[in-house]
file target31.txt (compact mmCIF, C-alpha atoms)
# COMPACT_ATOMS: atom_id res chain seq x y z
CA MET A 1250 89.24 98.47 127.78
CA ARG A 1251 86.98 99.59 124.94
CA TRP A 1252 86.38 96.01 123.76
CA ASP A 1253 85.55 94.47 127.16
CA GLY A 1254 82.47 92.31 127.07
CA GLN A 1255 82.25 92.24 123.30
CA THR A 1256 83.65 88.81 122.38
CA LEU A 1257 81.42 85.76 122.41
CA ASP A 1258 82.21 82.09 122.73
CA ALA A 1259 79.47 81.17 120.27
CA PRO A 1260 80.09 82.01 116.61
CA ASP A 1261 78.02 84.60 114.76
CA GLY A 1262 76.33 85.90 117.91
CA ALA A 1263 74.93 89.36 118.57
CA LEU A 1264 77.06 91.68 120.68
CA PRO A 1265 75.97 92.57 124.19
CA GLY A 1266 76.72 95.79 126.03
CA LEU A 1267 77.20 98.10 123.09
CA GLU A 1268 75.44 100.96 124.82
CA ARG A 1269 78.21 101.26 127.39
CA THR A 1270 81.19 100.94 125.08
CA GLY A 1271 80.72 103.83 122.68
CA LEU A 1272 81.18 101.44 119.74
CA VAL A 1273 77.69 102.06 118.37
CA ARG A 1274 79.02 105.31 116.97
CA ALA A 1275 82.07 103.47 115.65
CA GLY A 1276 79.89 101.01 113.75
CA LEU A 1277 80.65 97.72 115.49
CA VAL A 1278 77.99 95.19 114.48
CA ARG A 1279 79.13 91.84 115.89
CA THR A 1280 82.10 89.73 116.87
CA VAL A 1281 82.58 86.39 115.12
CA ARG A 1282 84.63 83.27 115.81
CA THR A 1283 84.43 80.26 113.51
CA PRO A 1284 86.16 76.84 113.51
CA GLU A 1285 87.54 77.54 110.02
CA PHE A 1286 89.65 80.40 111.44
CA GLU A 1287 90.82 78.94 114.72
CA GLY A 1288 92.51 81.50 116.95
CA VAL A 1289 91.19 84.49 115.01
CA THR A 1290 88.35 86.76 116.13
CA PHE A 1291 86.65 88.99 113.57
CA HIS A 1292 85.05 92.26 114.64
CA GLU A 1293 82.64 93.28 111.90
CA VAL A 1294 82.12 97.02 111.53
CA LEU A 1295 80.28 99.39 109.20
CA CYS A 1296 82.62 102.02 107.82
CA LYS A 1297 81.59 105.58 106.97
CA SER A 1298 84.40 106.02 104.45
CA ALA A 1299 86.42 103.61 102.31
CA LEU A 1300 88.94 106.00 100.78
CA ASN A 1301 91.62 107.34 103.14
CA ARG A 1302 93.36 110.56 102.11
CA VAL A 1303 97.15 110.64 102.45
CA PRO A 1304 98.34 113.92 104.01
CA GLU A 1305 99.47 116.50 101.45
CA GLU A 1306 102.82 116.90 103.18
CA SER A 1307 103.60 113.22 102.62
CA ALA A 1308 106.22 112.33 100.00
CA LEU A 1309 104.22 109.30 98.90
CA ALA A 1310 103.49 108.74 95.22
CA PHE A 1311 99.73 108.37 95.81
CA ARG A 1312 97.07 110.39 97.59
CA TRP A 1313 94.52 107.69 98.52
CA THR A 1314 94.52 104.29 100.20
CA ILE A 1315 91.97 101.59 101.02
CA ASN A 1316 92.28 99.29 104.03
CA PRO A 1317 89.54 96.64 104.20
CA ALA A 1318 90.72 95.45 107.63
CA ARG A 1319 92.66 96.44 110.74
CA GLY A 1320 95.10 94.01 112.32
CA CYS A 1321 96.66 91.16 110.35
CA SER A 1322 96.73 87.41 110.81
CA HIS A 1323 100.10 87.15 109.04
CA ALA A 1324 101.44 87.94 112.54
CA CYS A 1325 104.74 89.37 111.26
CA ARG A 1326 106.87 90.21 114.29
CA TYR A 1327 108.29 93.32 112.61
CA CYS A 1328 105.05 94.82 111.21
CA PHE A 1329 105.18 98.63 111.33
CA ALA A 1330 101.36 98.84 111.55
CA ARG A 1331 101.17 97.18 114.98
CA PRO A 1332 100.91 100.44 116.98
CA THR A 1333 97.75 101.42 115.10
CA HIS A 1334 95.85 98.65 116.92
CA GLU A 1335 96.37 100.49 120.19
CA TYR A 1336 93.96 103.15 118.93
CA LEU A 1337 91.24 100.51 119.35
CA ASP A 1338 92.27 99.72 122.96
CA LEU A 1339 93.82 96.48 121.68
CA ASP A 1340 97.47 95.58 122.15
CA ALA A 1341 100.06 95.69 119.39
CA GLY A 1342 101.14 92.11 120.00
CA ARG A 1343 98.81 89.11 119.95
CA ASP A 1344 95.69 91.24 119.59
CA PHE A 1345 97.05 92.69 116.35
CA ASP A 1346 97.57 89.13 115.08
CA SER A 1347 94.23 87.68 116.16
CA GLN A 1348 91.66 90.47 116.71
CA ILE A 1349 90.84 91.50 113.13
CA VAL A 1350 88.51 94.43 112.43
CA VAL A 1351 86.72 93.95 109.09
CA LYS A 1352 84.85 96.73 107.26
CA THR A 1353 82.07 94.57 105.88
CA ASN A 1354 80.28 97.33 103.95
CA ILE A 1355 83.40 98.77 102.36
CA VAL A 1356 82.44 97.91 98.76
CA SER A 1357 79.12 99.75 98.82
CA VAL A 1358 80.67 102.76 100.56
CA LEU A 1359 83.54 102.80 98.05
CA ARG A 1360 81.14 102.80 95.09
CA LYS A 1361 79.35 105.85 96.50
CA GLU A 1362 82.62 107.70 97.01
CA LEU A 1363 83.90 106.88 93.53
CA ALA A 1364 80.62 108.11 92.00
CA ARG A 1365 80.99 111.59 93.46
CA ALA A 1366 81.57 114.42 91.00
CA SER A 1367 84.52 115.49 93.16
CA TRP A 1368 86.39 112.21 92.63
CA LYS A 1369 89.34 112.89 90.27
CA ARG A 1370 90.34 109.25 89.72
CA ASP A 1371 93.65 109.61 91.51
CA PRO A 1372 95.56 106.32 91.89
CA VAL A 1373 94.61 104.27 94.96
CA ALA A 1374 96.95 101.99 96.92
CA LEU A 1375 95.97 98.82 98.78
CA GLY A 1376 98.25 97.07 101.26
CA THR A 1377 99.71 100.23 102.80
CA ASN A 1378 98.70 99.33 106.36
CA THR A 1379 97.67 95.68 106.61
CA ASP A 1380 97.45 93.04 103.91
CA PRO A 1381 94.20 93.03 101.90
CA TYR A 1382 94.73 89.32 101.14
CA GLN A 1383 95.21 88.12 104.71
CA ARG A 1384 93.04 85.27 106.02
CA ALA A 1385 90.03 87.53 106.61
CA GLU A 1386 89.65 87.93 102.85
CA GLY A 1387 88.98 84.20 102.57
CA ARG A 1388 85.86 84.66 104.70
CA TYR A 1389 84.60 88.08 103.60
CA GLU A 1390 85.67 88.22 99.92
CA LEU A 1391 85.85 92.02 99.80
CA MET A 1392 88.63 92.41 97.23
CA PRO A 1393 86.69 91.38 94.08
CA GLY A 1394 84.12 94.07 94.80
CA ILE A 1395 86.84 96.65 95.50
CA ILE A 1396 88.67 95.77 92.27
CA ARG A 1397 85.47 96.01 90.23
CA ALA A 1398 84.47 99.32 91.79
CA LEU A 1399 87.85 100.90 91.11
CA THR A 1400 87.99 99.57 87.56
CA GLU A 1401 84.46 100.59 86.62
CA SER A 1402 85.14 104.12 87.90
CA GLY A 1403 88.31 104.39 85.80
CA THR A 1404 90.57 104.52 88.87
CA SER A 1405 94.08 103.04 88.66
CA PHE A 1406 95.27 101.08 91.67
CA SER A 1407 98.17 99.15 93.16
CA ILE A 1408 98.22 96.12 95.46
CA LEU A 1409 101.04 95.07 97.79
CA THR A 1410 100.55 91.66 99.40
CA LYS A 1411 102.15 88.50 100.72
CA GLY A 1412 98.80 86.70 100.68
CA THR A 1413 98.54 83.97 98.06
CA LEU A 1414 94.77 84.38 97.97
CA LEU A 1415 95.48 87.04 95.33
CA ARG A 1416 95.74 84.18 92.82
CA ARG A 1417 91.96 83.77 93.09
CA ASP A 1418 91.53 87.26 91.65
CA LEU A 1419 94.08 87.07 88.83
CA PRO A 1420 91.41 86.75 86.09
CA LEU A 1421 89.69 89.83 87.49
CA LEU A 1422 92.98 91.75 87.75
CA THR A 1423 93.98 90.94 84.19
CA LEU A 1424 90.62 92.25 82.97
CA ALA A 1425 91.03 95.36 85.11
CA ALA A 1426 94.50 95.95 83.64
CA GLN A 1427 92.90 96.29 80.20
CA GLN A 1428 90.99 99.35 81.45
CA VAL A 1429 93.14 101.01 84.13
CA ASN A 1430 96.74 100.91 85.32
CA VAL A 1431 97.08 97.96 87.71
CA GLN A 1432 100.31 97.42 89.66
CA VAL A 1433 100.87 94.23 91.65
CA SER A 1434 103.74 93.85 94.11
CA VAL A 1435 104.58 90.92 96.35
CA SER A 1436 106.35 91.15 99.69
CA LEU A 1437 108.96 88.39 100.17
CA ALA A 1438 111.97 88.99 102.39
CA PHE A 1439 113.02 85.43 103.26
CA HIS A 1440 114.64 82.50 101.50
CA ASP A 1441 115.16 80.56 104.74
CA GLU A 1442 111.77 78.91 105.39
CA ASP A 1443 112.46 78.15 109.06
CA LEU A 1444 113.34 81.78 109.79
CA GLN A 1445 110.33 82.97 107.80
CA LYS A 1446 107.98 80.73 109.78
CA SER A 1447 109.38 82.03 113.04
CA LEU A 1448 109.02 85.71 112.10
CA GLU A 1449 105.86 85.44 109.95
CA PRO A 1450 103.96 82.50 111.48
CA GLY A 1451 100.65 83.31 109.78
CA ALA A 1452 101.99 84.21 106.34
CA PRO A 1453 102.34 81.94 103.28
CA SER A 1454 105.69 80.21 102.83
CA PRO A 1455 108.41 81.60 100.54
CA ARG A 1456 107.72 78.77 98.05
CA ALA A 1457 104.01 79.61 97.97
CA ARG A 1458 104.80 83.25 97.26
CA LEU A 1459 107.33 82.35 94.57
CA ASP A 1460 104.63 80.26 92.92
CA MET A 1461 102.28 83.25 93.15
CA ILE A 1462 104.84 85.52 91.49
CA ARG A 1463 105.06 83.05 88.62
CA ALA A 1464 101.27 82.94 88.37
CA ILE A 1465 101.09 86.74 88.26
CA THR A 1466 103.61 87.03 85.44
CA ASP A 1467 102.06 84.09 83.58
CA ALA A 1468 98.79 86.04 83.69
CA GLY A 1469 100.50 88.87 81.80
CA LEU A 1470 101.01 91.24 84.73
CA SER A 1471 104.38 92.53 85.89
CA CYS A 1472 105.35 91.72 89.46
CA HIS A 1473 107.72 93.79 91.53
CA VAL A 1474 108.99 92.24 94.78
CA LEU A 1475 109.58 94.08 98.01
CA ILE A 1476 112.42 92.47 99.95
CA ALA A 1477 111.42 94.08 103.20
CA PRO A 1478 112.33 94.08 105.82
CA VAL A 1479 115.92 92.98 105.52
CA ILE A 1480 116.66 91.73 109.04
CA PRO A 1481 120.13 92.83 110.19
CA PHE A 1482 122.52 89.95 110.92
CA LEU A 1483 119.89 87.38 109.93
CA THR A 1484 118.87 87.98 106.30
CA ASP A 1485 121.39 90.57 105.11
CA SER A 1486 124.23 88.26 104.09
CA PRO A 1487 125.22 88.08 100.41
CA LYS A 1488 124.46 84.35 100.56
CA HIS A 1489 120.87 84.83 101.74
CA LEU A 1490 120.13 87.80 99.49
CA GLY A 1491 121.75 86.09 96.52
CA ALA A 1492 119.74 82.90 96.98
CA LEU A 1493 116.51 84.89 97.34
CA MET A 1494 117.15 86.97 94.24
CA ALA A 1495 118.06 83.89 92.22
CA ALA A 1496 114.73 82.36 93.22
CA LEU A 1497 112.91 85.60 92.33
CA GLU A 1498 114.57 85.69 88.93
CA GLU A 1499 113.50 82.11 88.27
CA ALA A 1500 109.94 82.96 89.36
CA GLY A 1501 109.77 85.78 86.82
CA ALA A 1502 109.86 88.85 89.07
CA THR A 1503 110.43 92.06 87.13
CA GLY A 1504 112.33 93.97 89.80
CA VAL A 1505 113.08 94.20 93.51
CA THR A 1506 113.32 96.86 96.18
CA ALA A 1507 115.22 95.95 99.37
CA LEU A 1508 114.68 97.92 102.58
CA PRO A 1509 116.19 97.47 106.05
CA MET A 1510 113.89 96.82 108.98
CA HIS A 1511 112.67 99.76 111.05
CA LEU A 1512 111.24 99.27 114.53
CA ARG A 1513 108.82 101.88 115.83
CA SER A 1514 107.32 102.17 119.31
CA SER A 1515 105.52 98.98 120.39
CA THR A 1516 106.67 97.07 117.29
CA LYS A 1517 110.22 97.36 118.60
CA GLU A 1518 109.26 95.80 121.94
CA TRP A 1519 107.40 92.94 120.21
CA PHE A 1520 110.29 92.18 117.85
CA MET A 1521 112.96 92.45 120.54
CA SER A 1522 111.11 89.92 122.72
CA TRP A 1523 111.29 87.48 119.79
CA LEU A 1524 114.98 88.26 119.28
CA ALA A 1525 115.80 87.70 122.96
CA GLU A 1526 114.12 84.28 122.81
CA HIS A 1527 115.51 83.04 119.50
CA HIS A 1528 118.78 84.96 119.01
CA PRO A 1529 119.87 86.34 122.40
CA ALA A 1530 123.44 86.89 121.18
CA LEU A 1531 122.14 89.56 118.79
CA VAL A 1532 120.31 91.68 121.37
CA ARG A 1533 123.31 93.84 122.21
CA ARG A 1534 124.14 94.40 118.54
CA TYR A 1535 120.56 95.52 117.90
CA ARG A 1536 120.67 97.97 120.77
CA VAL A 1537 123.72 99.53 119.15
CA LEU A 1538 122.34 99.44 115.59
CA TYR A 1539 118.97 100.91 116.60
CA GLY A 1540 120.37 103.11 119.33
CA ARG A 1541 119.28 106.27 117.51
CA GLY A 1542 115.64 105.22 117.41
CA ALA A 1543 113.50 103.28 114.96
CA TYR A 1544 115.91 103.22 112.03
CA VAL A 1545 119.27 101.68 111.25
CA SER A 1546 122.25 103.95 110.84
CA PRO A 1547 123.00 105.68 107.51
CA GLU A 1548 126.16 103.61 107.34
CA TYR A 1549 124.17 100.37 107.45
CA LYS A 1550 121.77 101.62 104.78
CA GLN A 1551 124.67 102.38 102.48
CA TRP A 1552 126.29 99.03 103.25
CA LEU A 1553 123.05 97.26 102.32
CA ARG A 1554 122.67 99.22 99.09
CA ASP A 1555 126.20 98.27 98.12
CA LYS A 1556 125.32 94.58 98.61
CA VAL A 1557 121.93 94.70 96.90
CA GLU A 1558 122.67 96.62 93.70
CA PRO A 1559 125.16 94.12 92.20
CA LEU A 1560 122.72 91.30 92.96
CA ARG A 1561 119.86 93.14 91.26
CA GLU A 1562 122.05 93.55 88.19
CA LYS A 1563 123.24 89.95 88.25
CA HIS A 1564 119.71 88.54 88.44
CA SER A 1565 118.08 91.03 86.03
CA LEU A 1566 115.82 92.46 88.73
CA THR A 1567 116.36 96.13 87.93
CA GLY A 1568 112.81 96.91 86.78
CA LEU A 1569 111.48 100.26 87.90
CA ASP A 1570 109.71 100.29 91.24
CA PRO A 1571 105.93 100.61 90.85
CA ALA A 1572 104.12 102.77 93.37
CA GLY A 1573 103.15 99.65 95.28
CA ALA A 1574 106.76 99.02 96.28
CA ARG A 1575 108.12 102.53 96.27
CA ARG A 1576 105.57 103.74 98.78
CA VAL A 1577 107.17 101.75 101.59
CA ALA A 1578 110.61 103.17 100.85
CA ARG A 1579 109.25 106.70 100.86
CA ALA A 1580 107.08 106.11 103.90
CA ALA A 1581 109.96 104.95 106.09
CA PRO A 1582 110.88 108.37 107.62
CA ALA A 1583 107.32 109.09 108.75
CA GLU A 1584 105.63 107.74 111.87
CA PRO A 1585 102.43 105.87 110.90
CA ALA A 1586 99.37 107.46 112.46
CA PRO A 1587 96.02 105.76 113.07
CA GLU A 1588 93.41 106.53 110.49
CA PRO A 1589 90.99 109.27 111.57
CA ALA A 1590 87.92 108.03 113.42
CA MET A 1591 85.64 108.82 110.50
CA THR A 1592 87.65 106.60 108.15
CA LEU A 1593 88.46 103.84 110.61
CA PHE A 1594 84.85 102.70 110.85

call {"tool": "encode", "arguments": {"input": "target31.txt", "output": "structure tokens"}}
result
Amino acid sequence: MRWDGQTLDAPDGALPGLERTGLVRAGLVRTVRTPEFEGVTFHEVLCKSALNRVPEESALAFRWTINPARGCSHACRYCFARPTHEYLDLDAGRDFDSQIVVKTNIVSVLRKELARASWKRDPVALGTNTDPYQRAEGRYELMPGIIRALTESGTSFSILTKGTLLRRDLPLLTLAAQQVNVQVSVSLAFHDEDLQKSLEPGAPSPRARLDMIRAITDAGLSCHVLIAPVIPFLTDSPKHLGALMAALEEAGATGVTALPMHLRSSTKEWFMSWLAEHHPALVRRYRVLYGRGAYVSPEYKQWLRDKVEPLREKHSLTGLDPAGARRVARAAPAEPAPEPAMTLF
């Protein structure tokens, strides 16, 4: 395994054995464990590139992304990005949740890239792979520097997050919005707190995210909400969706986009193990629903749209989707690929 021998019991230690792992070329500097982040190991790396180009053939509404970290401590059972951790010889299950790769020099590298004469100030999206406001941001504080660099270069950007640490940066984001187009979207798919905790054990509670939505709109920014994924037979009832949208309306959300869950490769195995443990009666129904592969049937998609649209109208959540939310809807048909080696580290 590429990471064998790299973790240390003592915090903030130097890494042994780099010469035999090939990670010197990848930019691995050290592995860190601290009491403040129990159960999480940070692998600090030096990246060669901060801006990731989206393939031209993609139907996405943006051409560039930034991912400050790989892996995500939100530990969402359904996360589509899980298979990308396998590129690092880590597993898509618990390693994805607890072995977090952090690009510690990303701000300085980003500033150099934005200063190039070739940079055309195309919009940049954050939160397309893993959450930029996950727990790692509390330690490394990379987002303020990223926001400042984008703003000072005249580059518009969008953020999609379920991390309430974004509230720390609201003053900075409101200032940025006076100079460039800033779009903020929040991911919240659950009204049932017990179910949310079971499926997203490391993520902030629904109430905490509702409070964040209110804080965003109180700061003068619009806030679109991504209700994704909608979990078949668990969160797709009119009662659940109606209660969630009522809460979103009260919190001041400007619009919602609802998307059914898709389960690709190793993410499917990880989610189905959870389903077999907590809702074994649904396993057979899932095998039928996802029998064609990673996506629900067209009939289910239409059924969900028919349930969602009247609720969006009822709760005045029909605001246009910003790029931060729309990107996930458009990205659904494509298989996520690991970032190229030169942009990973």

call {"tool": "closest_residue", "arguments": {"input": "target31.txt", "among": "A:Ile1480, A:Val1281, A:Val1435, A:Ala1468", "to": "A:Tyr1382", "atoms": "only C-alpha atoms"}}
result
A:Val1435

call {"tool": "atom_distance", "arguments": {"input": "target31.txt", "atom1": "atom CA of A:Pro1450", "atom2": "atom CA of A:Gln1432"}}
result
26.7 Å

call {"tool": "closest_residue", "arguments": {"input": "target31.txt", "among": "A:Glu1287, A:Ala1341, A:Arg1384, A:Thr1400", "to": "A:Ser1322", "atoms": "all atoms listed in the file"}}
result
A:Arg1384

call {"tool": "atom_distance", "arguments": {"input": "target31.txt", "atom1": "atom CA of A:Ala1385", "atom2": "atom CA of A:Cys1328"}}
result
17.3 Å

call {"tool": "residues_near_point", "arguments": {"input": "target31.txt", "point": "(121.8, 85.8, 104.1)", "cutoff": "12 Å", "atoms": "only C-alpha atoms", "output": "ChimeraX atom specification"}}
result
/A:1438-1441,1444,1479-1494,1553,1556-1557

call {"tool": "closest_residue", "arguments": {"input": "target31.txt", "among": "A:Ser1447, A:Ser1405, A:Thr1466, A:Thr1283", "to": "A:Asp1371", "atoms": "all atoms listed in the file"}}
result
A:Ser1405

call {"tool": "closest_atom_pairs", "arguments": {"input": "target31.txt", "of": "stretch 1300-1382 of chain A", "to": "stretch 1519-1528 of chain A", "cutoff": "10 Å", "atoms": "all atoms listed in the file", "output": "CSV"}}
result
residue,atom,partner,partner_atom,distance
A:Cys1325,CA,A:Phe1520,CA,9.1
A:Arg1326,CA,A:Phe1520,CA,5.3
A:Tyr1327,CA,A:Phe1520,CA,5.7
A:Cys1328,CA,A:Phe1520,CA,8.9
A:Arg1331,CA,A:Trp1519,CA,9.2
A:Ala1341,CA,A:Trp1519,CA,7.9
A:Gly1342,CA,A:Trp1519,CA,6.3
A:Arg1343,CA,A:Trp1519,CA,9.4

call {"tool": "atom_distance", "arguments": {"input": "target31.txt", "atom1": "atom CA of A:Ser1514", "atom2": "atom CA of A:Arg1534"}}
result
18.5 Å

call {"tool": "closest_residue", "arguments": {"input": "target31.txt", "among": "A:Val1278, A:Phe1329, A:His1323, A:Val1505", "to": "A:Glu1518", "atoms": "all atoms listed in the file"}}
result
A:Phe1329

call {"tool": "residues_near_point", "arguments": {"input": "target31.txt", "point": "(121.4, 86.5, 83.5)", "cutoff": "12 Å", "atoms": "only C-alpha atoms", "output": "PyMOL selection string"}}
result
chain A and resi 1494-1495+1498-1499+1560-1567

call {"tool": "residues_around", "arguments": {"input": "target31.txt", "residues": "A:Asp1380", "least_positions_apart": "3", "cutoff": "8 Å", "atoms": "all atoms listed in the file", "output": "PyMOL selection string"}}
result
chain A and resi 1321+1375-1377+1383+1409-1412

call {"tool": "closest_residue", "arguments": {"input": "target31.txt", "among": "A:Arg1458, A:Val1545, A:Leu1295, A:Thr1353", "to": "A:Ala1496", "atoms": "only C-alpha atoms"}}
result
A:Arg1458
